[in-house]
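*Asks:* Supplied structure: my_file-v4.cif, mmCIF, C-alpha atoms.
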data_work
loop_
_atom_site.label_atom_id
_atom_site.label_comp_id
_atom_site.auth_asym_id
_atom_site.auth_seq_id
_atom_site.Cartn_x
_atom_site.Cartn_y
_atom_site.Cartn_z
CA MET A 1 -7.28 -11.18 28.10
CA LYS A 2 -4.91 -10.09 25.33
CA PHE A 3 -5.65 -13.26 23.35
CA ILE A 4 -9.42 -12.78 23.78
CA ILE A 5 -9.19 -9.21 22.46
CA PHE A 6 -7.18 -10.50 19.49
CA LEU A 7 -9.80 -13.14 18.65
CA ALA A 8 -12.53 -10.49 18.94
CA ALA A 9 -10.54 -8.22 16.61
CA LEU A 10 -10.19 -11.03 14.05
CA ALA A 11 -13.92 -11.73 14.21
CA ILE A 12 -14.86 -8.05 13.75
CA ILE A 13 -12.36 -7.41 10.94
CA PHE A 14 -13.40 -10.55 9.07
CA LEU A 15 -17.10 -9.72 9.58
CA LEU A 16 -16.59 -6.21 8.19
CA ALA A 17 -14.86 -7.72 5.16
CA TYR A 18 -17.54 -10.42 4.76
CA ILE A 19 -20.37 -7.86 4.76
CA VAL A 20 -19.07 -6.20 1.57
CA SER A 21 -17.84 -9.40 -0.11
CA TYR A 22 -18.52 -9.68 -3.84
CA ASN A 23 -18.85 -13.46 -3.58
CA LYS A 24 -19.59 -14.72 -0.07
CA LYS A 25 -19.96 -18.34 -1.16
CA GLY A 26 -16.61 -18.28 -2.96
CA ILE A 27 -14.48 -17.45 0.12
CA LYS A 28 -11.57 -19.89 0.50
CA PHE A 29 -10.82 -20.45 4.18
CA LYS A 30 -7.72 -22.63 3.91
CA PRO A 31 -5.38 -19.94 2.50
CA ILE A 32 -6.79 -17.40 4.98
CA VAL A 33 -5.96 -19.63 7.97
CA MET A 34 -2.52 -20.44 6.54
CA MET A 35 -1.68 -16.77 6.08
CA ILE A 36 -2.92 -15.80 9.56
CA ILE A 37 -0.58 -18.41 11.05
CA LEU A 38 2.25 -17.19 8.85
CA GLN A 39 1.59 -13.60 9.95
CA LEU A 40 1.74 -14.60 13.61
CA ILE A 41 5.07 -16.38 13.11
CA LEU A 42 6.56 -13.49 11.13
CA ALA A 43 5.33 -10.90 13.65
CA PHE A 44 6.93 -12.84 16.50
CA VAL A 45 10.25 -13.10 14.65
CA LEU A 46 10.30 -9.49 13.47
CA LEU A 47 9.40 -7.99 16.82
CA ASN A 48 11.98 -10.08 18.68
CA THR A 49 14.96 -10.55 16.31
CA GLU A 50 17.25 -8.45 14.17
CA PHE A 51 17.17 -10.78 11.15
CA GLY A 52 14.20 -9.28 9.30
CA LEU A 53 15.35 -5.77 10.15
CA LEU A 54 18.74 -6.34 8.49
CA ILE A 55 17.13 -7.60 5.26
CA ILE A 56 14.73 -4.69 4.88
CA LYS A 57 17.43 -2.15 5.79
CA GLY A 58 19.55 -3.58 3.00
CA ILE A 59 16.71 -3.22 0.47
CA SER A 60 15.89 0.26 1.74
CA GLY A 61 19.55 1.28 1.47
CA LEU A 62 19.60 0.18 -2.17
CA PHE A 63 16.60 2.35 -3.02
CA GLU A 64 18.03 5.30 -1.16
CA TYR A 65 21.01 5.11 -3.51
CA LEU A 66 18.67 4.96 -6.51
CA LEU A 67 16.86 8.08 -5.31
CA THR A 68 20.16 9.96 -5.03
CA TYR A 69 20.76 9.18 -8.69
CA ALA A 70 17.22 10.35 -9.48
CA ALA A 71 18.01 13.57 -7.60
CA ASP A 72 20.89 14.27 -10.01
CA GLY A 73 18.45 14.47 -12.91
CA ILE A 74 15.87 16.43 -10.90
CA ASN A 75 18.42 18.98 -9.70
CA PHE A 76 19.70 19.46 -13.24
CA VAL A 77 16.21 20.45 -14.43
CA PHE A 78 14.70 22.04 -11.30
CA GLY A 79 17.78 23.15 -9.36
CA GLY A 80 17.14 26.40 -7.47
CA ILE A 81 13.34 26.12 -7.53
CA ALA A 82 13.05 24.92 -3.93
CA ASN A 83 13.85 27.13 -0.97
CA LYS A 84 16.91 26.00 0.94
CA GLY A 85 16.09 23.37 3.56
CA GLU A 86 12.60 22.67 2.17
CA MET A 87 11.39 19.40 0.60
CA PRO A 88 8.79 20.07 -2.12
CA PHE A 89 6.51 17.05 -2.43
CA PHE A 90 6.42 17.27 -6.22
CA LEU A 91 10.19 17.27 -6.65
CA ASN A 92 11.16 14.84 -3.89
CA VAL A 93 8.33 12.33 -4.10
CA LEU A 94 6.72 12.53 -7.55
CA MET A 95 9.62 13.35 -9.87
CA PRO A 96 11.67 10.24 -8.88
CA ILE A 97 8.82 8.22 -10.44
CA VAL A 98 10.35 9.10 -13.82
CA PHE A 99 13.65 7.43 -12.93
CA ILE A 100 11.94 4.41 -11.32
CA SER A 101 9.87 4.11 -14.49
CA VAL A 102 13.07 3.95 -16.55
CA LEU A 103 14.44 1.14 -14.35
CA ILE A 104 11.16 -0.76 -14.65
CA GLY A 105 11.23 -0.34 -18.43
CA ILE A 106 14.76 -1.71 -18.62
CA ALA A 107 13.86 -4.67 -16.38
CA GLN A 108 10.85 -5.35 -18.56
CA HIS A 109 12.85 -5.01 -21.79
CA ILE A 110 15.53 -7.51 -20.73
CA LYS A 111 12.80 -9.91 -19.47
CA VAL A 112 13.73 -9.72 -15.78
CA LEU A 113 10.24 -8.78 -14.57
CA PRO A 114 8.47 -11.67 -16.34
CA ILE A 115 10.91 -14.11 -14.71
CA ILE A 116 10.24 -12.61 -11.27
CA ILE A 117 6.50 -12.84 -11.89
CA ARG A 118 6.75 -16.47 -13.01
CA TYR A 119 8.75 -17.84 -10.08
CA LEU A 120 7.97 -15.54 -7.17
CA GLY A 121 4.31 -15.40 -8.16
CA LEU A 122 4.14 -19.18 -8.40
CA ILE A 123 5.44 -19.62 -4.85
CA LEU A 124 3.15 -17.03 -3.27
CA SER A 125 0.08 -18.10 -5.24
CA LYS A 126 0.40 -21.58 -3.69
CA ILE A 127 -0.09 -19.93 -0.31
CA ASN A 128 -2.62 -17.17 -0.98
CA GLY A 129 -4.98 -18.92 -3.40
CA LEU A 130 -4.74 -16.07 -5.93
CA GLY A 131 -3.09 -15.72 -9.32
CA LYS A 132 0.63 -15.31 -10.04
CA LEU A 133 0.10 -11.76 -11.25
CA GLU A 134 -1.65 -10.77 -8.00
CA SER A 135 1.19 -12.29 -6.00
CA TYR A 136 3.85 -10.50 -8.01
CA ASN A 137 1.99 -7.19 -7.79
CA ALA A 138 1.89 -7.31 -3.99
CA VAL A 139 5.65 -7.75 -3.74
CA ALA A 140 6.34 -5.21 -6.49
CA SER A 141 4.12 -2.65 -4.70
CA ALA A 142 6.35 -2.94 -1.63
CA VAL A 143 9.39 -2.25 -3.79
CA PHE A 144 8.26 0.27 -6.41
CA GLY A 145 5.34 2.00 -4.65
CA GLN A 146 1.61 2.25 -5.28
CA SER A 147 1.80 4.38 -8.40
CA GLU A 148 5.03 3.11 -9.96
CA VAL A 149 3.97 -0.55 -9.69
CA PHE A 150 1.27 -0.10 -12.34
CA ILE A 151 3.91 0.89 -14.84
CA SER A 152 5.38 -2.62 -14.45
CA VAL A 153 2.05 -4.20 -15.48
CA LYS A 154 0.88 -1.52 -17.89
CA LYS A 155 0.84 -3.92 -20.85
CA LEU A 156 -1.59 -6.15 -18.93
CA LEU A 157 -4.08 -3.48 -17.82
CA PRO A 158 -6.33 -3.66 -20.91
CA HIS A 159 -6.75 -7.42 -20.36
CA LEU A 160 -7.61 -7.37 -16.62
CA PRO A 161 -11.23 -7.82 -15.46
CA GLN A 162 -12.53 -5.66 -12.60
CA HIS A 163 -12.20 -8.31 -9.87
CA ARG A 164 -8.49 -8.86 -10.56
CA LEU A 165 -7.87 -5.11 -10.85
CA TYR A 166 -9.44 -4.62 -7.40
CA THR A 167 -6.99 -7.10 -5.85
CA LEU A 168 -4.01 -5.42 -7.52
CA CYS A 169 -5.12 -2.02 -6.23
CA THR A 170 -5.74 -3.36 -2.71
CA SER A 171 -2.17 -4.67 -2.60
CA ALA A 172 -0.84 -1.34 -3.85
CA MET A 173 -2.75 0.66 -1.22
CA SER A 174 -1.96 -1.75 1.64
CA THR A 175 1.81 -1.62 1.27
CA VAL A 176 4.43 1.13 1.19
CA SER A 177 7.32 1.86 -1.12
CA ALA A 178 10.76 0.58 -0.13
CA SER A 179 12.18 3.92 -1.24
CA ILE A 180 10.58 5.75 1.69
CA LEU A 181 11.28 3.21 4.44
CA GLY A 182 14.26 5.28 5.57
CA ALA A 183 12.02 8.33 6.03
CA TYR A 184 9.58 6.31 8.12
CA MET A 185 12.41 4.99 10.28
CA THR A 186 13.37 8.54 11.27
CA MET A 187 9.83 9.09 12.59
CA ILE A 188 8.88 5.75 14.20
CA ASP A 189 10.76 2.70 15.47
CA ALA A 190 12.29 0.73 12.58
CA LYS A 191 11.03 -2.61 13.88
CA TYR A 192 7.43 -1.45 13.49
CA VAL A 193 8.11 -0.29 9.94
CA ILE A 194 9.52 -3.71 9.03
CA THR A 195 6.73 -5.59 10.80
CA ALA A 196 4.01 -3.61 9.01
CA LEU A 197 5.69 -4.00 5.63
CA VAL A 198 5.75 -7.80 5.88
CA LEU A 199 2.38 -8.30 7.59
CA ASN A 200 0.56 -5.98 5.17
CA LEU A 201 1.79 -8.08 2.26
CA PHE A 202 -0.10 -11.13 3.54
CA GLY A 203 -2.89 -9.05 5.07
CA GLY A 204 -3.76 -7.74 1.62
CA PHE A 205 -4.14 -11.31 0.37
CA ILE A 206 -6.31 -12.23 3.37
CA ILE A 207 -8.75 -9.34 3.03
CA ALA A 208 -8.87 -9.75 -0.76
CA ASN A 209 -9.76 -13.41 -0.29
CA ILE A 210 -12.78 -12.35 1.77
CA ILE A 211 -13.97 -9.21 -0.03
CA ASN A 212 -13.07 -10.34 -3.52
CA PRO A 213 -12.73 -14.14 -3.78
CA TYR A 214 -12.28 -15.67 -7.23
CA VAL A 215 -10.48 -18.45 -9.03
CA VAL A 216 -7.92 -17.66 -11.72
CA SER A 217 -7.68 -20.29 -14.44
CA GLU A 218 -4.42 -21.18 -16.17
CA GLU A 219 -5.62 -19.38 -19.30
CA GLU A 220 -6.51 -16.20 -17.36
CA ASP A 221 -3.29 -16.03 -15.35
CA ILE A 222 -1.42 -14.23 -18.11
CA PHE A 223 1.65 -12.18 -17.36
CA ASP A 224 3.66 -12.07 -20.59
CA ILE A 225 1.51 -10.46 -23.27
CA GLN A 226 2.89 -10.59 -26.79
CA GLU A 227 3.67 -7.05 -27.89
CA GLU A 228 5.26 -5.17 -30.74
CA LYS A 229 9.04 -5.38 -30.66
CA GLN A 230 10.75 -2.19 -29.58
CA THR A 231 14.34 -1.08 -29.70
CA PHE A 232 16.00 -0.25 -26.40
CA PHE A 233 15.80 3.50 -26.98
CA GLU A 234 12.17 3.36 -28.15
CA MET A 235 11.33 1.57 -24.90
CA LEU A 236 13.37 4.09 -22.90
CA GLY A 237 11.51 7.05 -24.39
CA GLU A 238 8.14 5.39 -23.80
CA TYR A 239 8.79 4.60 -20.13
CA ILE A 240 10.27 8.03 -19.41
CA LEU A 241 7.11 9.68 -20.77
CA ASP A 242 4.88 7.15 -18.95
CA GLY A 243 6.65 7.92 -15.67
CA PHE A 244 6.29 11.68 -16.16
CA LYS A 245 2.62 11.29 -17.10
CA VAL A 246 1.93 9.27 -13.93
CA ALA A 247 3.76 11.86 -11.78
CA ILE A 248 1.74 14.78 -13.21
CA ILE A 249 -1.62 13.01 -12.86
CA VAL A 250 -0.86 11.85 -9.32
CA GLY A 251 0.11 15.41 -8.38
CA ALA A 252 -3.16 16.78 -9.76
CA MET A 253 -5.19 14.15 -7.92
CA LEU A 254 -3.42 14.95 -4.65
CA ILE A 255 -4.10 18.68 -4.98
CA GLY A 256 -7.81 18.01 -5.47
CA PHE A 257 -8.23 15.43 -2.71
CA VAL A 258 -6.16 17.20 -0.05
CA ALA A 259 -7.93 20.50 -0.73
CA LEU A 260 -11.35 18.83 -0.51
CA ILE A 261 -10.51 17.18 2.81
CA SER A 262 -9.31 20.53 4.19
CA PHE A 263 -12.57 22.13 3.06
CA ILE A 264 -14.68 19.42 4.74
CA ASN A 265 -12.69 19.79 7.98
CA HIS A 266 -13.34 23.54 8.17
CA VAL A 267 -17.03 23.29 7.27
CA PHE A 268 -17.53 20.54 9.86
CA ALA A 269 -15.76 22.61 12.51
CA GLY A 270 -17.91 25.63 11.70
CA ILE A 271 -21.13 23.66 12.12
CA PHE A 272 -20.34 21.28 14.99
CA GLY A 273 -17.48 22.99 16.80
CA ILE A 274 -14.95 20.22 16.15
CA SER A 275 -13.17 19.22 12.98
CA PHE A 276 -14.25 16.22 10.99
CA GLN A 277 -10.84 14.74 11.79
CA VAL A 278 -11.37 14.88 15.58
CA ALA A 279 -14.91 13.53 15.23
CA LEU A 280 -13.55 10.58 13.29
CA GLY A 281 -11.06 10.07 16.12
CA TYR A 282 -13.92 9.27 18.47
CA LEU A 283 -15.40 6.93 15.87
CA PHE A 284 -12.04 5.17 15.54
CA ALA A 285 -11.62 4.77 19.31
CA PRO A 286 -13.47 1.40 19.41
CA PHE A 287 -11.27 0.10 16.60
CA ALA A 288 -8.19 1.23 18.53
CA PHE A 289 -9.47 -0.74 21.51
CA ILE A 290 -10.12 -3.99 19.64
CA VAL A 291 -6.63 -4.04 18.13
CA GLY A 292 -5.15 -3.91 21.63
CA VAL A 293 -4.70 -0.21 22.50
CA PRO A 294 -5.15 0.31 26.28
CA ALA A 295 -8.47 1.97 27.17
CA SER A 296 -6.77 5.12 28.48
CA ASP A 297 -5.20 5.79 25.06
CA ILE A 298 -7.99 4.87 22.64
CA VAL A 299 -9.23 8.41 21.84
CA GLU A 300 -5.75 9.78 21.11
CA ALA A 301 -4.88 6.65 19.16
CA GLY A 302 -8.15 6.84 17.26
CA THR A 303 -7.51 10.48 16.33
CA ILE A 304 -4.07 9.63 14.93
CA MET A 305 -5.52 6.70 12.97
CA ALA A 306 -8.22 9.00 11.58
CA THR A 307 -5.59 11.61 10.70
CA LYS A 308 -3.77 9.03 8.59
CA LEU A 309 -7.02 8.06 6.86
CA LEU A 310 -7.92 11.67 6.04
CA SER A 311 -4.48 13.01 5.13
CA ASN A 312 -1.50 10.65 4.91
CA GLU A 313 0.85 8.57 7.03
CA PHE A 314 3.51 11.30 7.29
CA VAL A 315 1.13 13.79 8.90
CA ALA A 316 -0.09 11.09 11.30
CA MET A 317 3.47 10.05 12.20
CA ILE A 318 4.32 13.65 13.07
CA ASP A 319 1.21 13.82 15.27
CA LEU A 320 2.18 10.53 16.93
CA GLY A 321 5.61 11.96 17.73
CA LYS A 322 4.01 14.98 19.40
CA VAL A 323 1.88 12.89 21.81
CA SER A 324 4.08 9.79 22.19
CA HIS A 325 5.25 10.92 25.64
CA SER A 326 1.68 10.51 26.94
CA LEU A 327 1.06 7.10 25.32
CA SER A 328 2.11 3.63 26.45
CA ASN A 329 4.78 1.73 24.53
CA LYS A 330 2.14 -0.78 23.45
CA THR A 331 -0.07 1.98 22.03
CA ILE A 332 2.88 3.50 20.16
CA GLY A 333 3.72 0.11 18.61
CA ILE A 334 0.15 -0.67 17.55
CA VAL A 335 -0.52 2.79 16.11
CA SER A 336 2.89 2.81 14.37
CA VAL A 337 2.19 -0.36 12.35
CA PHE A 338 -1.28 0.92 11.49
CA LEU A 339 0.28 4.04 9.98
CA VAL A 340 2.69 2.18 7.70
CA SER A 341 0.50 1.85 4.61
CA PHE A 342 -0.94 4.04 1.87
CA ALA A 343 -4.54 3.50 3.03
CA ASN A 344 -5.97 7.02 2.97
CA PHE A 345 -8.40 9.07 0.90
CA SER A 346 -5.63 10.68 -1.14
CA SER A 347 -4.46 7.24 -2.27
CA ILE A 348 -7.76 6.71 -4.07
CA GLY A 349 -6.79 9.60 -6.31
CA ILE A 350 -3.17 8.47 -6.58
CA ILE A 351 -4.02 4.92 -7.67
CA ALA A 352 -6.89 5.95 -9.94
CA GLY A 353 -4.67 8.64 -11.46
CA ALA A 354 -1.75 6.26 -11.95
CA VAL A 355 -3.91 3.68 -13.71
CA LYS A 356 -5.73 6.34 -15.74
CA GLY A 357 -2.41 7.72 -16.92
CA LEU A 358 -1.64 4.31 -18.41
CA ASN A 359 -5.14 3.20 -19.46
CA GLU A 360 -8.02 5.66 -19.20
CA LYS A 361 -10.78 3.02 -19.26
CA LYS A 362 -9.28 0.99 -16.40
CA GLY A 363 -8.58 4.20 -14.47
CA ASN A 364 -12.29 4.98 -14.52
CA VAL A 365 -13.03 1.47 -13.24
CA VAL A 366 -10.65 2.00 -10.31
CA ALA A 367 -12.26 5.36 -9.49
CA ARG A 368 -15.69 3.68 -9.28
CA PHE A 369 -14.62 1.19 -6.59
CA GLY A 370 -12.29 3.69 -4.87
CA LEU A 371 -14.13 3.81 -1.52
CA LYS A 372 -14.39 0.04 -1.33
CA LEU A 373 -10.69 -0.13 -2.12
CA LEU A 374 -9.89 2.16 0.82
CA TYR A 375 -12.26 0.16 3.04
CA GLY A 376 -10.39 -3.07 2.29
CA ALA A 377 -6.93 -1.52 2.70
CA THR A 378 -7.95 -0.04 6.08
CA LEU A 379 -9.04 -3.50 7.23
CA VAL A 380 -5.58 -4.74 6.26
CA SER A 381 -4.02 -2.09 8.51
CA LEU A 382 -6.36 -3.03 11.37
CA LEU A 383 -5.43 -6.70 10.97
CA THR A 384 -1.71 -5.86 11.11
CA ALA A 385 -2.32 -3.68 14.19
CA ALA A 386 -4.27 -6.47 15.92
CA ILE A 387 -1.49 -9.03 15.36
CA THR A 388 1.10 -6.54 16.62
CA GLY A 389 -1.08 -5.87 19.68
CA LEU A 390 -1.05 -9.58 20.48
CA MET A 391 2.76 -9.70 20.29
CA LEU A 392 3.45 -6.61 22.41
#
When written as structure tokens, how does the structure in this file appear?

*Replies:*
Amino acid sequence: MKFIIFLAALAIIFLLAYIVSYNKKGIKFKPIVMMIILQLILAFVLLNTEFGLLIIKGISGLFEYLLTYAADGINFVFGGIANKGEMPFFLNVLMPIVFISVLIGIAQHIKVLPIIIRYLGLILSKINGLGKLESYNAVASAVFGQSEVFISVKKLLPHLPQHRLYTLCTSAMSTVSASILGAYMTMIDAKYVITALVLNLFGGFIIANIINPYVVSEEEDIFDIQEEKQTFFEMLGEYILDGFKVAIIVGAMLIGFVALISFINHVFAGIFGISFQVALGYLFAPFAFIVGVPASDIVEAGTIMATKLLSNEFVAMIDLGKVSHSLSNKTIGIVSVFLVSFANFSSIGIIAGAVKGLNEKKGNVVARFGLKLLYGATLVSLLTAAITGLML
């Protein structure tokens, strides 16, 4: 029965992606099948061994150290602003972007990033059927985060057509930043965090291959644009300002989107007696069922999934913790992996704002396909949840 539900989930998820495909005749099935098999193997290993967990914990530990260094600079400038024991989102989440931007600038200046793109991208592009840049971007998103990653490709943004930009943004929204893995692991089981991180990487490629299939020629697959030579300190100043600009724009976008969602929730509750969030929970219940959530838990699971879509993964993880005692272990596992991504309405503003801060024209392009971007990233989360449901 579990296998039948999984096949049904695959069929529904792929159908939902196919319906909105930009190029239905251009879909390449071979890489999709290869990546599904690879996801199944990786999910089995990650949910039953400690090997993958050790690797990701090592990477996460490295970024936790980097964020402590970032905190030194933040505390020097903003020390005393926050109330004791509180964690202001702007200071703790957005301001470290400035430091990460500096590191990216240095890696770019000494030609480390182009080398990573060339070799890592080449390997992954042989599997996913996409370009080397798309492959690099997916991995970089899981390291730097959905806003910071665009700083690493900012020189390429003016040259990217819309279809390639959509794939880059889908990867960014489908993954999570390595720097916050530790925070997730304090809220949900670490093995689900690791499983989602890895499966979402390939899930983004799968959904992009259905919604947005295209062929990248050798001439188009550029990743080392010739640019004006800069001194080290010129580059440093540029990337520091770029990082700060991205942080400010992302913060403004978040204020607007979160406030709007709150407004819609209250208006909906005033008219219909229930919040928009709870209503969406009932709409999400069938999706919770097809990814393997037991029938007795589908409404609660659907509400948590909808909460993540409307607000963010942290709010949803807190809600999951509050009701976990009444849910089965299988439900907790499936919902947990669904939550580990940036696929929510606020992320439309974050990604559009990040790109706009680096290239206004391309930022407007991203804003235009924002809803379709969220649609694709949500399908990635559902695919990861379905595979996890099969393994639990």

*Asks:* If you count only C-alpha atoms, which residues fall within 9 Å of Val299 in chain A, apart from same-chain ones fewer than 4 positions away, as an mmCIF file with C-alpha atoms, in the coordinates of the input?

*Replies:*
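Ended up saving to out_8.cif:
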data_model
loop_
_atom_site.group_PDB
_atom_site.id
_atom_site.type_symbol
_atom_site.label_atom_id
_atom_site.label_comp_id
_atom_site.auth_asym_id
_atom_site.auth_seq_id
_atom_site.Cartn_x
_atom_site.Cartn_y
_atom_site.Cartn_z
ATOM 1 C CA GLY A 281 -11.060 10.070 16.120
ATOM 2 C CA TYR A 282 -13.920 9.270 18.470
ATOM 3 C CA LEU A 283 -15.400 6.930 15.870
ATOM 4 C CA PHE A 284 -12.040 5.170 15.540
ATOM 5 C CA ALA A 285 -11.620 4.770 19.310
ATOM 6 C CA PRO A 286 -13.470 1.400 19.410
ATOM 7 C CA ALA A 288 -8.190 1.230 18.530
ATOM 8 C CA ALA A 295 -8.470 1.970 27.170
ATOM 9 C CA THR A 303 -7.510 10.480 16.330
ATOM 10 C CA ILE A 304 -4.070 9.630 14.930
#

*Asks:* Quick one: of A:Lys229, A:Ser296, A:Leu133, A:Pro158, who's nearest to Ser217 in chain A, counting all atoms listed in the file?

*Replies:*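 Using all atoms listed in the file, Ser217 in chain A sits closest to A:Leu133.
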
*Asks:* Using the chain letters and numbers from this file, what does the PyMOL selection byres ((chain A and resi 242-258) around 10) select? Give the answer as a count of residues only.

*Replies:* 48

*Asks:* Taking into account all atoms listed in the file, which residue in the set A:Gly203, A:Gly389, A:Gly363, A:Pro88 is nearest to Ala9 in chain A?

*Replies:*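 Among the listed residues, the smallest separation from Ala9 in chain A belongs to A:Gly389.
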
*Asks:* Counting only C-alpha atoms, which of A:Asn344, A:Ser275, A:Leu371, A:Ile210 gets nearest to Thr175 in chain A?

*Replies:*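 So, comparing all the options, the nearest one is A:Asn344.
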
*Asks:* Find the residue from A:Ala11, A:Val366, A:Ala385, A:Val315 that sits nearest to Val335 in chain A; use all atoms listed in the file when measuring.

*Replies:* A:Ala385

*Asks:* Residues near Thr68 in chain A, anyone? I mean within 12 Å using all atoms listed in the file, not counting same-chain ones fewer than 3 positions away, as number ranges by chain.

*Replies:* A: 61-65, 71-75, 92, 96, 99-100, 179

*Asks:* CA of Lys2 in chain A to CA of Asn128 in chain A: how many Å, to one decimal?

*Replies:* 27.3 Å

*Asks:* Counting all atoms listed in the file, what is within 12 Å of Ser174 in chain A, bar same-chain residues fewer than 4 positions away, as number ranges by chain?

*Replies:* A: 137-139, 141-142, 145-146, 167-170, 196-208, 313, 337-344, 347-348, 351, 373-384

*Asks:* So how far away is CA of Leu113 in chain A from CA of Val153 in chain A, in Å?

*Replies:* 9.4 Å

*Asks:* One number please: CA of Gln277 in chain A to CA of Ala306 in chain A, in Å, one decimal.

*Replies:*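 The value is 6.3 Å.
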
*Asks:* Taking all listed atoms of range 331-335 of chain A, build the axis-aligned box, pad each of the six sides by 4 Å, then write its centre and edge lengths in Å to one decimal as lines of an AutoDock Vina configuration file.

*Replies:*
center_x = 1.6
center_y = 1.4
center_z = 19.1
size_x = 12.2
size_y = 12.2
size_z = 13.9

*Asks:* Which of these residues is nearest to Ala316 in chain A, using all atoms listed in the file: A:Val216, A:Val33, A:Ile188, A:Ala279?

*Replies:* A:Ile188

*Asks:* Extract, using all atoms listed in the file, all DNA, RNA and protein residues at most 9 Å from range 189-194 of chain A, discarding same-chain residues fewer than 2 positions from it, and format them as a PyMOL selection string.

*Replies:* chain A and resi 46-48+50+52-53+56-57+181-182+184-187+196-199+333-334+336-337+339-340+388

*Asks:* Quick one: residues within 8 Å of Tyr214 in chain A, only C-alpha atoms counted, chain neighbours fewer than 5 positions away excluded, as an MDAnalysis selection string?

*Replies:* chainID A and resid 23 26:27 130 163 209
